[in-house]
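Student: Got a structure for you, questions after.
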Amino acid sequence: MESEKIVINKERCKACEICICFCPEHLLELSGEINGKGYHPVMISDQSKCTGCGICALVCPDLVMTVYKTC
Ligand code: SF4
Ligand code: SF4
């Protein structure tokens, strides 16, 4: 069974929210944590709903997201 997931490098995130605007599934939001830069990094609300489309990784200017697809 194929599954998709994203890995978020929280320390690189500057909370610009671009990925939040572009995720077609509306799965991304700012977390309550604070990273080393002083920002609330992005988190994914439900990995199981991620389609692995890769849009978040494409639009992020800071290369925070890595998208994996496994079979
Ligand atoms: S890979 Fe696509 S569906 Fe999954 S979080 Fe990123 S933009 Fe949303
Ligand atoms: S686009 Fe990148 S830097 Fe901006 S909020 Fe999303 S993960 Fe963070």
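Please note that chains go A, B, ... in the order of the structure tokens, that every chain numbers its residues from 1, and that ligands are numbered from 1 in the order shown.
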Do you know which residues are at most 10 Å from Ser31 in chain A counting only C-alpha atoms, after dropping those on the same chain fewer than 2 positions away, and could you put them as a list in words?

Tutor: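 Surrounding residues, per the criterion: Lys10, Ala15, Leu28, Glu29, Glu33, Ile34, Asn35, Tyr39, His40, Pro41, Val42, Met43, Ile44 and Ser45 of chain A.
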
Student: Find the residues near Cys60 in chain A: any atom within 9 Å, counting only C-alpha atoms, skip ones fewer than 3 places away on the same chain, and give them as a list in words.

Tutor: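 Those residues are Cys13, Cys16, Glu17, Ile18, Cys19, Ile55, Cys56, Ala57, Leu63, Val64 and Met65 of chain A.
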
Student: For ligand 1, collect every residue having any atom at a distance of at most 6 Å from a ligand atom (counting only C-alpha atoms and all ligand atoms); output as a VMD selection string.

Tutor: chain A and resid 23 to 25 27 50 to 56

Student: Can you write out the residues you just picked, keeping C-alpha atoms, as a PDB file, in the first residue's frame?

Tutor:
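That gives us out_21.pdb:
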```pdb
ATOM      1  CA  CYS A  23      -1.618  23.080   0.747  1.00  0.00           C
ATOM      2  CA  PRO A  24      -4.672  21.896  -1.211  1.00  0.00           C
ATOM      3  CA  GLU A  25      -5.737  19.680   1.692  1.00  0.00           C
ATOM      4  CA  LEU A  27      -3.293  20.313   6.525  1.00  0.00           C
ATOM      5  CA  CYS A  50      -1.400  14.109   3.048  1.00  0.00           C
ATOM      6  CA  THR A  51      -1.506  13.208  -0.640  1.00  0.00           C
ATOM      7  CA  GLY A  52       2.230  13.687  -1.118  1.00  0.00           C
ATOM      8  CA  CYS A  53       1.609  16.284  -3.809  1.00  0.00           C
ATOM      9  CA  GLY A  54       4.838  18.073  -2.861  1.00  0.00           C
ATOM     10  CA  ILE A  55       3.435  21.581  -3.260  1.00  0.00           C
ATOM     11  CA  CYS A  56       4.506  22.615   0.253  1.00  0.00           C
TER      12      CYS A  56
END
```

Student: In terms of the shortest atom-to-atom distance over only C-alpha atoms and all ligand atoms, which of A:Gly32, A:Thr70, A:Glu11, A:Gln47 is closest to ligand 2?

Tutor: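 So, comparing all the options, the nearest one is A:Glu11.
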
Student: Find the residue from A:Val7, A:Phe22, A:Lys37, A:Lys14 that sits nearest to Leu58 in chain A; use only C-alpha atoms when measuring.

Tutor: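 For Leu58 in chain A, the nearest of the given residues is A:Phe22.
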
Student: Per DSSP on the backbone, what are the helix (DSSP H, G or I) residues of chain A, as a short mmCIF file (atom, residue, chain, number, x, y, z; two decimals) with N, CA and C atoms, in the first residue's frame?

Tutor:
```
data_model
loop_
_atom_site.label_atom_id
_atom_site.label_comp_id
_atom_site.auth_asym_id
_atom_site.auth_seq_id
_atom_site.Cartn_x
_atom_site.Cartn_y
_atom_site.Cartn_z
N LYS A 10 11.78 21.77 11.59
CA LYS A 10 11.20 22.90 12.33
C LYS A 10 12.18 24.05 12.54
N GLU A 11 13.44 23.72 12.70
CA GLU A 11 14.42 24.77 12.99
C GLU A 11 14.66 25.70 11.80
N ARG A 12 14.34 25.25 10.59
CA ARG A 12 14.53 26.09 9.40
C ARG A 12 13.34 26.99 9.13
N ILE A 18 3.53 30.63 3.75
CA ILE A 18 3.28 30.37 2.32
C ILE A 18 2.74 28.96 2.12
N CYS A 19 3.38 28.00 2.75
CA CYS A 19 2.95 26.60 2.56
C CYS A 19 1.52 26.39 3.06
N ILE A 20 1.17 27.10 4.12
CA ILE A 20 -0.19 26.98 4.67
C ILE A 20 -1.21 27.41 3.62
N CYS A 21 -0.91 28.48 2.92
CA CYS A 21 -1.82 28.98 1.88
C CYS A 21 -1.94 28.03 0.70
N PHE A 22 -0.87 27.29 0.40
CA PHE A 22 -0.84 26.49 -0.82
C PHE A 22 -1.26 25.03 -0.64
N GLN A 47 -1.10 13.57 9.14
CA GLN A 47 -0.25 12.98 8.10
C GLN A 47 -1.04 12.02 7.20
N SER A 48 -2.03 11.35 7.76
CA SER A 48 -2.76 10.34 6.98
C SER A 48 -3.55 10.95 5.83
N LYS A 49 -3.81 12.26 5.90
CA LYS A 49 -4.56 12.93 4.82
C LYS A 49 -3.65 13.56 3.78
N ILE A 55 3.57 20.13 -3.05
CA ILE A 55 3.43 21.58 -3.26
C ILE A 55 4.09 22.36 -2.12
N CYS A 56 3.92 21.90 -0.90
CA CYS A 56 4.51 22.61 0.25
C CYS A 56 6.03 22.69 0.11
N ALA A 57 6.62 21.60 -0.34
CA ALA A 57 8.08 21.58 -0.51
C ALA A 57 8.51 22.51 -1.64
N LEU A 58 7.69 22.60 -2.69
CA LEU A 58 8.03 23.45 -3.83
C LEU A 58 7.96 24.93 -3.48
N VAL A 59 6.96 25.31 -2.69
CA VAL A 59 6.77 26.75 -2.44
C VAL A 59 7.58 27.27 -1.27
#
```

Student: Among chain A, which residues does DSSP mark as strand (DSSP E) when it is run on the backbone? Keep the chain and numbering as in the structure and answer as an MDAnalysis selection string.

Tutor: chainID A and resid 3:8 28:30 42:44 65:70

Student: Given only C-alpha atoms and all ligand atoms as the basis, pick out the residue of A:Gly38, A:Val67, A:Asp62, A:Ile6 nearest to ligand 2.

Tutor: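 Among the listed residues, A:Asp62 lies closest to ligand 2.
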